[in-house]
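> One structure coming up, written as structure tokens, with questions to follow.
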Amino acid sequence: MFGFLYKKIVIDFPKITLALLMGVILFSLYQSKNFNLDASSDALLLEGDPDLKYLREVNQTYGSKDFLVLTYSPISNFTDKETILDLQLLKSKIEKLTWVDSVITVIDVPLLKSTDEGLMERLKNYKTLAYPEIDRKRGFEEIINSPIYKNYVISEDGKTSGIIVYLKKDERLAEYIKIKDKFFNQSVETGLSKQEKRNYKNFLKEYEDYKNLYNTRNHQNITEIREVISKYGVNAKIHLGGIPMIADDMMSFIKSDIIIFGIGVFIFIVLTLWFIFRSLKWVVMPLLGCSASVIIMIGLLSSIGWKVTVISSNFIALMLILNMAMNIHLTVRFLQLKRENLDLSKNEAILKASKKMMLPILYTALTTICAFLSLVFSGIKPIIDFGWMMTLGLTISLLVTFSLLPCLINILSSENEIDVKSTEKSLITSLLGSFTKKNKIIIFGSSFIIIVFSVVGIFKLEVENSFINYFDENTEIYKGMKKIDENLGGTTPLNIILKFPAVSENSSEKEKDEFEEWEEDNKKNEDKAKYWFTRDKMDKILKVHNYLDSLPEIGKVLSFGSILNVAEDLNKKKLQSLEIAVLYSKIPESIKNEIVSPYISVEKDEARISVRVKDSLKDLRRNDLIKKINNDLNKELGLEKSEFRLAGVLILFNNLLQSLFKSQILTLGFVLVGIFLMFFVLFRNIVISFIGIVPNFIAAFFILGIIGFLEIPLDMMTITIAAITIGIAVDNSIHYIYRFKEEFKKINNYHQTLDKCHSTVGVAILNTSITIVFGFSILILSNFIPTIYFGIFTGIAMMLAMLSVLTLLPKLILTFKPFGEEIV
């Protein structure tokens with residue numbers, strides 16, 4: 001029935017089918033105007049991560065603003081009048097930008113040692129480096145030795161200043177994020193009703209629309225501040241950093257990657273098709289099929305509002321590569337049938353080629369889909385989206401291959417295609433065939449060595465990685481982050497939240513009575529702050545602060561302890577509870593909001609210690625560092641586990657990295673079982689199923705082994721290599737085994753069948769593999785290092801898989817004889 005319908009629709013009426021497909025393509029082109037990208041930070045988070053929820057609570061308690069950081073390295077010293085004037089002008093220009101809330105520079109730092117007045121007078125009447133009458137050398141010396149500002153707004157060597165540009169809070173976006181979290185938490189905890197699901201769906205569309213507007217504004221903001229910076233780069237070297245800038249540059253990277261990958265793969269495919277067929281129309285037809293698939297996919301993504309992230313930015317290149325493999329197999333089969341059966345009409349040859357290739361191409365598509373679907377186990381949103389996106393893309397490619405390509409062949413080809421370059425002569429496949437028949441020990445021995453090498457390398461795999469190393473050294477992101485990391489106290493933030501129990505179970509009766517008395521007084525006075533700042537609390541903060549400051553991986557440490565150290569240094573003595581409370585009440589609000597409120601929550605009985613980790617340290621082990629801090633706070637510093645908690649981007653990033661190991665096991669397990677079952681359904685033979693997957697798993701594990709030996713950490717891209725390699729490479733095994741089975745029925749001789757397969761389907765496998773390998777090599781043009789690794793290692797894996805399919809696979813077939821005994 002299917003064959004009859006297929007013949008009537010595609011073969012007998014190709015022009016009508018082509019017209020319908022053209023309608024779909026034109027509609028997709030129209031929809032592509034809504035094609036969107038996403039480089040926001042929430043695209044790189046684990047879904048439902050409780051540490052993300054806690055971090056947002058911390059940010060709400062202590063106040064959190066988006067900010068940009070400028071590293072400012074002047075030619076002259078910061079004590080020079082010209083440098084201060086340039087900084088004032090730069091600050092003034094930045095402050096005038098409508099989206100800027102405030103700007104903090106080295107010339108805004110309150111100088112408390114510049115006079116001999118009392119502490120309170122100094123706090124009320126502080127001066128800065130910008131004051132004409134100030135002793136600048138003395139003031140600068142104070143800043144560079146300040147426990148608060150050293151390695152924060154000024155580098156230790158005094159040559160680089162950090163300019164912090166706080167952005168005005170987008171209240172609407174913040175509200176959207178709250179609502180989104182509320183819907184998500186409810187869906188996980190209690191579930192959503194039908195109406196709530198509809199509301200959630202409508203809300204997500206509204207949220208995505210606003211995010212698009214926000215991204216557009218952010219791009220305009222970054223462009224504006226870069227224009228300002230460009231005018232002040234004569235007397236100083238300035239680098240821009242910060243999450244809003246990184247997000248905008250990532251958007252540019254994604255756009256660039258999509259264009260470069262698409263054009264690069266397109267050009268290479270043209271050259272490959274010309275090398276294979278040496279005929280313009282046989283270049284154009286498969287090319288049109290690939291292009292149509294990509295256009296339809298982009299139109300579909302645009303219609304449903306599905307955004308492309310930096311992880312999925314190579315989907316166009318992958319679709320072109322994988323679709324081309326399908327088109328080459330179908331085209332080569334058609335031409336072989338025409339050459340072998342001159343009496344076949346064009347329509348009959350198209351139908352026969354389609355029938356013969358339907359099952360192998362269908363199963364190759366399904367195995368590749370199985371590989372990409374395995375990525376949904378990662379728990380990482382961009383990887384999950386990438387898996388679903390490629391699943392949809394491959395489905396479209398399959399449908400277009402068996403609809404558009406036969407129509408084009410029918411309309412554009414002649415009845416006799418003897419002018420096409422022979423696709424049955426390949427010195428490489430002939431040599432590989434001869435080698436396979438004669439070298440059993442070498443093939444099996446080298447396979448065993450590769451397996452041992454792979455196992456050893458896999459045990460060396462790590463998931464440690466630094467965000468800074470995701471980018472090329474020539475990018476502004478890398479330069480800015482490197483400068484901040486080395487000169488201004490590190491890049492990756494981490495918070496240690498200290499919780500102060502009002503009274504513990506181990507407290508004495510006297511302490512409990514005192515607490516109850518204090519609580520009554522507090523209710524009467526309604527001023528908890530007066531009683532909150534006890535010496536015990538301060539000592540605990542200082543103890544944790546000093547411990548963190550001692551760790552080599554930690555850059556800048558800021559807490560209320562920093563302010564306390566300054567105050568005690570000025571006061572020449574250790575402050576007691578009452579004095580600390582008075583100090584807190586007397587500090588001007590402008591200073592309090594900047595250096596006190598972000599580190600103390602009287603209301604929640606908490607203190608926040610903010611640290612930044614040096615992300616570019618070569619030997620940094622994030623997971624080990626987090627474990628060490630948790631363990632030392634508990635066992636070395638004597639804090640109960642309930643008295644502290646770690647939060648921050650470092651925790652979220654580490655959670656993401658640690659989940660990669662789990663997802664790798666689940667991913668490979670899913671792919672192994674899924675592909676084995678597909679082989680069994682297709683061939684109904686356990687031995688063939690085993691033979692079919694072995695060469696491809698060896699190739700995938702070999703690449704993981706290489707990555708392990710080279711000490712390249714697994715990341716969001718490299719973690720997908722093994723599963724994707726197996727899914728794509730197994731296509732060759734299916735084509736080879738399917739053709740071997742078909743030819744063996746006619747020839748009944750394993751060695752002769754091997755020769756036949758190597759000269760027919762082997763050539764198609766060689767051509768498609770070379771196309772795939774060089775197609776993946778285009779990814780080295782990316783600015784995103786994980787994408788470069790993905791391209792290089794997947795290409796190497798595909799080359800090894802191709803060699804395995806043309807040597808190890810046929811050798812296994814010759815050894816196990818899964819198709820029965822041959823007739824001599």
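Residues in the structure tokens are numbered from 1 in each chain, the chains being A, B, ... in the order shown, and ligands are numbered from 1 in the order shown.
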Out of stretch 251-392 of chain A, which residues get alpha helix (DSSP H) from DSSP, as a PyMOL selection string?
chain A and resi 251-277+280-304+315-340+346-373+381-392
> Within 7 Å of A:Asp108, counting only C-alpha atoms, which residues show up once you throw out same-chain ones fewer than 3 positions away? Write them as a PDB file with N, CA, C and O atoms, in the first residue's frame, please.

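Done, and the output landed in selection_21.pdb:
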```pdb
ATOM      1  N   ILE A 104      31.228  53.031  40.061  1.00  0.00           N
ATOM      2  CA  ILE A 104      32.215  53.108  41.142  1.00  0.00           C
ATOM      3  C   ILE A 104      33.607  52.952  40.540  1.00  0.00           C
ATOM      4  O   ILE A 104      33.869  51.991  39.799  1.00  0.00           O
ATOM      5  N   THR A 105      34.483  53.905  40.857  1.00  0.00           N
ATOM      6  CA  THR A 105      35.861  53.847  40.382  1.00  0.00           C
ATOM      7  C   THR A 105      36.802  54.034  41.562  1.00  0.00           C
ATOM      8  O   THR A 105      36.369  54.289  42.695  1.00  0.00           O
ATOM      9  N   THR A 128      37.854  61.771  48.740  1.00  0.00           N
ATOM     10  CA  THR A 128      38.320  60.784  47.771  1.00  0.00           C
ATOM     11  C   THR A 128      39.518  61.357  47.013  1.00  0.00           C
ATOM     12  O   THR A 128      39.892  62.527  47.182  1.00  0.00           O
TER      13      THR A 128
END
```
> Which residues come within 7 Å of stretch 757-769 of chain A, counting only C-alpha atoms, excluding same-chain residues fewer than 5 positions away, as an mmCIF file with all heavy atoms, in the first residue's frame?

```
data_model
loop_
_atom_site.group_PDB
_atom_site.id
_atom_site.type_symbol
_atom_site.label_atom_id
_atom_site.label_comp_id
_atom_site.auth_asym_id
_atom_site.auth_seq_id
_atom_site.Cartn_x
_atom_site.Cartn_y
_atom_site.Cartn_z
ATOM 1 N N ALA A 325 24.620 12.775 3.501
ATOM 2 C CA ALA A 325 24.909 11.338 3.530
ATOM 3 C C ALA A 325 23.718 10.542 2.998
ATOM 4 O O ALA A 325 23.875 9.611 2.200
ATOM 5 C CB ALA A 325 25.250 10.906 4.950
ATOM 6 N N ILE A 328 23.482 11.140 -0.836
ATOM 7 C CA ILE A 328 24.519 10.437 -1.601
ATOM 8 C C ILE A 328 24.175 8.957 -1.727
ATOM 9 O O ILE A 328 24.286 8.366 -2.811
ATOM 10 C CB ILE A 328 25.899 10.628 -0.936
ATOM 11 C CG1 ILE A 328 26.389 12.062 -1.150
ATOM 12 C CG2 ILE A 328 26.924 9.643 -1.503
ATOM 13 C CD1 ILE A 328 27.684 12.392 -0.431
ATOM 14 N N HIS A 329 23.747 8.335 -0.615
ATOM 15 C CA HIS A 329 23.391 6.902 -0.662
ATOM 16 C C HIS A 329 22.258 6.653 -1.656
ATOM 17 O O HIS A 329 22.318 5.707 -2.446
ATOM 18 C CB HIS A 329 22.996 6.417 0.731
ATOM 19 C CG HIS A 329 24.156 6.062 1.601
ATOM 20 N ND1 HIS A 329 24.982 4.994 1.352
ATOM 21 C CD2 HIS A 329 24.655 6.655 2.735
ATOM 22 C CE1 HIS A 329 25.924 4.924 2.282
ATOM 23 N NE2 HIS A 329 25.744 5.926 3.133
ATOM 24 N N THR A 423 30.842 5.499 -9.990
ATOM 25 C CA THR A 423 30.952 5.533 -8.536
ATOM 26 C C THR A 423 31.359 4.166 -7.988
ATOM 27 O O THR A 423 31.248 3.911 -6.807
ATOM 28 C CB THR A 423 29.594 5.928 -7.928
ATOM 29 O OG1 THR A 423 28.608 4.997 -8.368
ATOM 30 C CG2 THR A 423 29.209 7.323 -8.312
ATOM 31 N N GLU A 424 31.787 3.261 -8.902
ATOM 32 C CA GLU A 424 32.109 1.911 -8.464
ATOM 33 C C GLU A 424 33.599 1.609 -8.496
ATOM 34 O O GLU A 424 34.007 0.471 -8.388
ATOM 35 C CB GLU A 424 31.346 0.891 -9.320
ATOM 36 C CG GLU A 424 29.845 1.035 -9.187
ATOM 37 C CD GLU A 424 29.102 -0.084 -9.889
ATOM 38 O OE1 GLU A 424 29.763 -1.017 -10.369
ATOM 39 O OE2 GLU A 424 27.876 -0.030 -9.955
ATOM 40 N N LYS A 425 34.397 2.621 -8.694
ATOM 41 C CA LYS A 425 35.843 2.410 -8.740
ATOM 42 C C LYS A 425 36.506 3.242 -7.660
ATOM 43 O O LYS A 425 36.447 4.462 -7.687
ATOM 44 C CB LYS A 425 36.387 2.793 -10.111
ATOM 45 C CG LYS A 425 35.881 1.903 -11.241
ATOM 46 C CD LYS A 425 36.417 2.368 -12.578
ATOM 47 C CE LYS A 425 35.866 1.515 -13.713
ATOM 48 N NZ LYS A 425 36.343 1.986 -15.032
ATOM 49 N N SER A 426 37.100 2.566 -6.728
ATOM 50 C CA SER A 426 37.802 3.269 -5.657
ATOM 51 C C SER A 426 39.001 2.443 -5.234
ATOM 52 O O SER A 426 38.846 1.307 -4.765
ATOM 53 C CB SER A 426 36.887 3.507 -4.456
ATOM 54 O OG SER A 426 37.642 4.007 -3.376
ATOM 55 N N THR A 429 38.914 1.719 -1.291
ATOM 56 C CA THR A 429 38.055 0.634 -0.797
ATOM 57 C C THR A 429 38.563 -0.734 -1.273
ATOM 58 O O THR A 429 38.444 -1.729 -0.559
ATOM 59 C CB THR A 429 36.600 0.831 -1.253
ATOM 60 O OG1 THR A 429 36.543 0.947 -2.668
ATOM 61 C CG2 THR A 429 35.999 2.073 -0.628
ATOM 62 N N SER A 430 39.145 -0.778 -2.455
ATOM 63 C CA SER A 430 39.706 -2.039 -2.952
ATOM 64 C C SER A 430 40.869 -2.493 -2.079
ATOM 65 O O SER A 430 40.975 -3.677 -1.718
ATOM 66 C CB SER A 430 40.187 -1.874 -4.400
ATOM 67 O OG SER A 430 39.111 -1.555 -5.250
ATOM 68 N N GLY A 433 39.575 -3.659 1.225
ATOM 69 C CA GLY A 433 38.977 -4.984 1.087
ATOM 70 C C GLY A 433 40.034 -6.078 1.070
ATOM 71 O O GLY A 433 39.902 -7.109 1.755
ATOM 72 N N ASN A 732 26.848 3.763 8.766
ATOM 73 C CA ASN A 732 27.684 3.043 7.807
ATOM 74 C C ASN A 732 27.575 1.538 8.007
ATOM 75 O O ASN A 732 27.531 0.762 7.033
ATOM 76 C CB ASN A 732 29.148 3.477 7.956
ATOM 77 C CG ASN A 732 29.370 4.918 7.534
ATOM 78 O OD1 ASN A 732 28.636 5.454 6.705
ATOM 79 N ND2 ASN A 732 30.385 5.549 8.102
ATOM 80 N N TYR A 736 26.281 -1.089 5.201
ATOM 81 C CA TYR A 736 27.173 -2.159 4.758
ATOM 82 C C TYR A 736 26.547 -3.533 4.999
ATOM 83 O O TYR A 736 26.533 -4.391 4.101
ATOM 84 C CB TYR A 736 28.519 -2.060 5.484
ATOM 85 C CG TYR A 736 29.573 -2.967 4.892
ATOM 86 C CD1 TYR A 736 30.422 -2.504 3.885
ATOM 87 C CD2 TYR A 736 29.713 -4.292 5.307
ATOM 88 C CE1 TYR A 736 31.375 -3.338 3.308
ATOM 89 C CE2 TYR A 736 30.654 -5.138 4.746
ATOM 90 C CZ TYR A 736 31.491 -4.648 3.739
ATOM 91 O OH TYR A 736 32.412 -5.484 3.159
ATOM 92 N N ARG A 739 23.547 -4.182 2.701
ATOM 93 C CA ARG A 739 23.962 -4.505 1.331
ATOM 94 C C ARG A 739 24.637 -5.875 1.276
ATOM 95 O O ARG A 739 24.451 -6.635 0.319
ATOM 96 C CB ARG A 739 24.919 -3.414 0.828
ATOM 97 C CG ARG A 739 25.270 -3.542 -0.656
ATOM 98 C CD ARG A 739 24.017 -3.365 -1.528
ATOM 99 N NE ARG A 739 24.338 -3.413 -2.933
ATOM 100 C CZ ARG A 739 24.684 -2.340 -3.670
ATOM 101 N NH1 ARG A 739 24.718 -1.143 -3.099
ATOM 102 N NH2 ARG A 739 24.962 -2.466 -4.937
ATOM 103 N N PHE A 740 25.415 -6.212 2.289
ATOM 104 C CA PHE A 740 26.092 -7.509 2.334
ATOM 105 C C PHE A 740 25.062 -8.635 2.337
ATOM 106 O O PHE A 740 25.207 -9.633 1.622
ATOM 107 C CB PHE A 740 26.975 -7.593 3.587
ATOM 108 C CG PHE A 740 28.048 -8.647 3.495
ATOM 109 C CD1 PHE A 740 29.361 -8.292 3.234
ATOM 110 C CD2 PHE A 740 27.755 -9.994 3.690
ATOM 111 C CE1 PHE A 740 30.364 -9.253 3.154
ATOM 112 C CE2 PHE A 740 28.736 -10.965 3.606
ATOM 113 C CZ PHE A 740 30.051 -10.598 3.340
ATOM 114 N N MET A 798 34.804 9.815 13.444
ATOM 115 C CA MET A 798 34.120 9.368 12.226
ATOM 116 C C MET A 798 35.095 8.708 11.259
ATOM 117 O O MET A 798 34.752 7.744 10.565
ATOM 118 C CB MET A 798 33.432 10.553 11.553
ATOM 119 C CG MET A 798 32.223 11.098 12.314
ATOM 120 S SD MET A 798 30.987 9.841 12.670
ATOM 121 C CE MET A 798 30.620 9.248 11.039
ATOM 122 N N MET A 799 36.322 9.223 11.197
ATOM 123 C CA MET A 799 37.327 8.612 10.326
ATOM 124 C C MET A 799 37.677 7.202 10.803
ATOM 125 O O MET A 799 37.759 6.257 10.016
ATOM 126 C CB MET A 799 38.585 9.492 10.300
ATOM 127 C CG MET A 799 39.694 8.972 9.387
ATOM 128 S SD MET A 799 39.175 8.888 7.641
ATOM 129 C CE MET A 799 39.207 10.640 7.228
ATOM 130 N N MET A 802 34.781 4.876 10.081
ATOM 131 C CA MET A 802 34.744 4.487 8.664
ATOM 132 C C MET A 802 35.758 3.373 8.386
ATOM 133 O O MET A 802 35.448 2.371 7.730
ATOM 134 C CB MET A 802 35.035 5.701 7.786
ATOM 135 C CG MET A 802 34.990 5.436 6.286
ATOM 136 S SD MET A 802 36.602 5.024 5.601
ATOM 137 C CE MET A 802 37.451 6.584 5.745
#
```
> Would you list, as number ranges by chain, the residues of stretch 391-596 of chain A that end up in strand (DSSP E or B) under DSSP run on this structure's backbone?
A: 471, 492-499, 554-558
> Take the selection from the previous step and output its residues with N, CA, C and O atoms, as a PDB file, in the first residue's frame.

```pdb
ATOM      1  N   PHE A 471      36.707  30.294  25.568  1.00  0.00           N
ATOM      2  CA  PHE A 471      36.819  31.318  24.540  1.00  0.00           C
ATOM      3  C   PHE A 471      38.250  31.458  24.033  1.00  0.00           C
ATOM      4  O   PHE A 471      39.215  31.241  24.770  1.00  0.00           O
ATOM      5  N   THR A 492      34.951  34.133  39.135  1.00  0.00           N
ATOM      6  CA  THR A 492      33.771  33.324  39.448  1.00  0.00           C
ATOM      7  C   THR A 492      33.319  33.549  40.888  1.00  0.00           C
ATOM      8  O   THR A 492      34.065  33.265  41.831  1.00  0.00           O
ATOM      9  N   PRO A 493      32.100  34.078  41.089  1.00  0.00           N
ATOM     10  CA  PRO A 493      31.650  34.400  42.456  1.00  0.00           C
ATOM     11  C   PRO A 493      31.175  33.183  43.246  1.00  0.00           C
ATOM     12  O   PRO A 493      30.617  32.241  42.701  1.00  0.00           O
ATOM     13  N   LEU A 494      31.448  33.252  44.545  1.00  0.00           N
ATOM     14  CA  LEU A 494      30.978  32.233  45.487  1.00  0.00           C
ATOM     15  C   LEU A 494      30.587  32.942  46.772  1.00  0.00           C
ATOM     16  O   LEU A 494      31.298  33.834  47.234  1.00  0.00           O
ATOM     17  N   ASN A 495      29.454  32.571  47.336  1.00  0.00           N
ATOM     18  CA  ASN A 495      28.981  33.153  48.595  1.00  0.00           C
ATOM     19  C   ASN A 495      28.992  32.093  49.695  1.00  0.00           C
ATOM     20  O   ASN A 495      28.585  30.956  49.460  1.00  0.00           O
ATOM     21  N   ILE A 496      29.466  32.483  50.867  1.00  0.00           N
ATOM     22  CA  ILE A 496      29.336  31.639  52.055  1.00  0.00           C
ATOM     23  C   ILE A 496      28.368  32.361  52.988  1.00  0.00           C
ATOM     24  O   ILE A 496      28.655  33.458  53.462  1.00  0.00           O
ATOM     25  N   ILE A 497      27.221  31.760  53.205  1.00  0.00           N
ATOM     26  CA  ILE A 497      26.193  32.355  54.068  1.00  0.00           C
ATOM     27  C   ILE A 497      26.320  31.750  55.464  1.00  0.00           C
ATOM     28  O   ILE A 497      26.174  30.540  55.640  1.00  0.00           O
ATOM     29  N   LEU A 498      26.631  32.603  56.438  1.00  0.00           N
ATOM     30  CA  LEU A 498      26.719  32.169  57.835  1.00  0.00           C
ATOM     31  C   LEU A 498      25.394  32.437  58.525  1.00  0.00           C
ATOM     32  O   LEU A 498      24.871  33.549  58.463  1.00  0.00           O
ATOM     33  N   LYS A 499      24.869  31.422  59.168  1.00  0.00           N
ATOM     34  CA  LYS A 499      23.584  31.548  59.858  1.00  0.00           C
ATOM     35  C   LYS A 499      23.832  31.506  61.365  1.00  0.00           C
ATOM     36  O   LYS A 499      24.499  30.599  61.864  1.00  0.00           O
ATOM     37  N   ILE A 554      41.373  31.221  45.993  1.00  0.00           N
ATOM     38  CA  ILE A 554      40.471  32.342  46.238  1.00  0.00           C
ATOM     39  C   ILE A 554      41.181  33.658  45.960  1.00  0.00           C
ATOM     40  O   ILE A 554      42.320  33.874  46.378  1.00  0.00           O
ATOM     41  N   GLY A 555      40.503  34.554  45.252  1.00  0.00           N
ATOM     42  CA  GLY A 555      41.034  35.881  44.993  1.00  0.00           C
ATOM     43  C   GLY A 555      40.566  36.840  46.071  1.00  0.00           C
ATOM     44  O   GLY A 555      41.051  36.819  47.203  1.00  0.00           O
ATOM     45  N   LYS A 556      39.586  37.670  45.728  1.00  0.00           N
ATOM     46  CA  LYS A 556      39.099  38.686  46.662  1.00  0.00           C
ATOM     47  C   LYS A 556      38.066  38.097  47.620  1.00  0.00           C
ATOM     48  O   LYS A 556      37.178  37.352  47.214  1.00  0.00           O
ATOM     49  N   VAL A 557      38.203  38.442  48.910  1.00  0.00           N
ATOM     50  CA  VAL A 557      37.224  38.064  49.932  1.00  0.00           C
ATOM     51  C   VAL A 557      36.658  39.344  50.535  1.00  0.00           C
ATOM     52  O   VAL A 557      37.404  40.206  50.972  1.00  0.00           O
ATOM     53  N   LEU A 558      35.345  39.465  50.535  1.00  0.00           N
ATOM     54  CA  LEU A 558      34.690  40.638  51.128  1.00  0.00           C
ATOM     55  C   LEU A 558      33.618  40.185  52.114  1.00  0.00           C
ATOM     56  O   LEU A 558      32.852  39.256  51.823  1.00  0.00           O
TER      57      LEU A 558
END
```
> Between atom CA of A:Thr815 and atom CA of A:Phe744, what is the distance, to one decimal in Å?
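Separation between atom CA of A:Thr815 and atom CA of A:Phe744: 15.0 Å.
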> Kindly indicate which residue among A:Lys817, A:Lys178, A:Lys741, A:Arg621 lies nearest to A:Val687, using only C-alpha atoms for the distances.
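Closest to A:Val687 of all the choices is A:Lys817.
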> Between A:Ile9, A:Val69, A:Val58, A:Val188, which has the minimum distance to A:Tyr599 (counting only C-alpha atoms)?
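Closest to A:Tyr599, using only C-alpha atoms: A:Val58.
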> Measuring atom to atom with only C-alpha atoms, identify which of A:Ser562, A:Gln60, A:Ser550, A:Thr367 is nearest to A:Ala174.
A:Gln60
> Find the spatial neighbours of stretch 53-55 of chain A, counting only C-alpha atoms, within a cut-off of 7 Å - ignore same-chain residues fewer than 4 positions away - and output them as JSON, numbers by chain.
{"A": [49, 59, 647, 648]}
> By how many Å are atom CA of A:Gly727 and atom CA of A:Asp385 apart?
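Between these atoms lies a distance of 17.3 Å.
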> Between A:Leu373, A:Val452, A:Ile580, A:Leu404, which is the closest to A:Leu288 once you count only C-alpha atoms?
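Checking each of A:Leu373, A:Val452, A:Ile580, A:Leu404 against A:Leu288, counting only C-alpha atoms, the winner is A:Leu404.
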> From the options A:Gly393, A:Gly63, A:Pro501, A:Gly242, which residue's atoms come nearest to A:Lys604, counting only C-alpha atoms?
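Residue with the minimum atom-to-atom distance to A:Lys604: A:Pro501.
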> Near A:Ile450, counting only C-alpha atoms, which residues have an atom at most 9 Å away, once you skip same-chain residues fewer than 4 positions from it, shown as JSON, numbers by chain?
{"A": [445, 446, 454, 455, 698, 699, 701, 702, 705]}
> Those same residues, written as a PDB file, in the first residue's frame with N, CA, C and O atoms?

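File produced: selection32.pdb:
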```pdb
ATOM      1  N   GLY A 445      44.146  -7.565  16.535  1.00  0.00           N
ATOM      2  CA  GLY A 445      45.165  -7.132  17.492  1.00  0.00           C
ATOM      3  C   GLY A 445      45.132  -5.622  17.711  1.00  0.00           C
ATOM      4  O   GLY A 445      45.168  -5.152  18.862  1.00  0.00           O
ATOM      5  N   SER A 446      45.040  -4.877  16.615  1.00  0.00           N
ATOM      6  CA  SER A 446      44.997  -3.411  16.734  1.00  0.00           C
ATOM      7  C   SER A 446      43.702  -2.970  17.419  1.00  0.00           C
ATOM      8  O   SER A 446      43.694  -1.997  18.186  1.00  0.00           O
ATOM      9  N   SER A 454      41.713   2.935  25.139  1.00  0.00           N
ATOM     10  CA  SER A 454      40.490   3.697  25.415  1.00  0.00           C
ATOM     11  C   SER A 454      40.069   3.579  26.870  1.00  0.00           C
ATOM     12  O   SER A 454      39.711   4.580  27.504  1.00  0.00           O
ATOM     13  N   VAL A 455      40.131   2.361  27.409  1.00  0.00           N
ATOM     14  CA  VAL A 455      39.720   2.141  28.801  1.00  0.00           C
ATOM     15  C   VAL A 455      40.612   2.935  29.749  1.00  0.00           C
ATOM     16  O   VAL A 455      40.127   3.603  30.676  1.00  0.00           O
ATOM     17  N   ILE A 698      33.876   1.098  19.490  1.00  0.00           N
ATOM     18  CA  ILE A 698      35.336   1.196  19.609  1.00  0.00           C
ATOM     19  C   ILE A 698      35.794   2.593  19.207  1.00  0.00           C
ATOM     20  O   ILE A 698      36.624   3.221  19.873  1.00  0.00           O
ATOM     21  N   ALA A 699      35.224   3.113  18.120  1.00  0.00           N
ATOM     22  CA  ALA A 699      35.589   4.460  17.646  1.00  0.00           C
ATOM     23  C   ALA A 699      35.224   5.517  18.680  1.00  0.00           C
ATOM     24  O   ALA A 699      36.021   6.427  18.967  1.00  0.00           O
ATOM     25  N   PHE A 701      34.678   5.123  21.999  1.00  0.00           N
ATOM     26  CA  PHE A 701      35.479   4.986  23.215  1.00  0.00           C
ATOM     27  C   PHE A 701      36.924   5.424  22.977  1.00  0.00           C
ATOM     28  O   PHE A 701      37.582   5.942  23.890  1.00  0.00           O
ATOM     29  N   PHE A 702      37.425   5.202  21.754  1.00  0.00           N
ATOM     30  CA  PHE A 702      38.782   5.625  21.421  1.00  0.00           C
ATOM     31  C   PHE A 702      38.924   7.140  21.547  1.00  0.00           C
ATOM     32  O   PHE A 702      39.924   7.645  22.081  1.00  0.00           O
ATOM     33  N   GLY A 705      39.013   8.079  25.072  1.00  0.00           N
ATOM     34  CA  GLY A 705      40.342   7.747  25.581  1.00  0.00           C
ATOM     35  C   GLY A 705      41.362   8.820  25.226  1.00  0.00           C
ATOM     36  O   GLY A 705      42.187   9.214  26.062  1.00  0.00           O
TER      37      GLY A 705
END
```
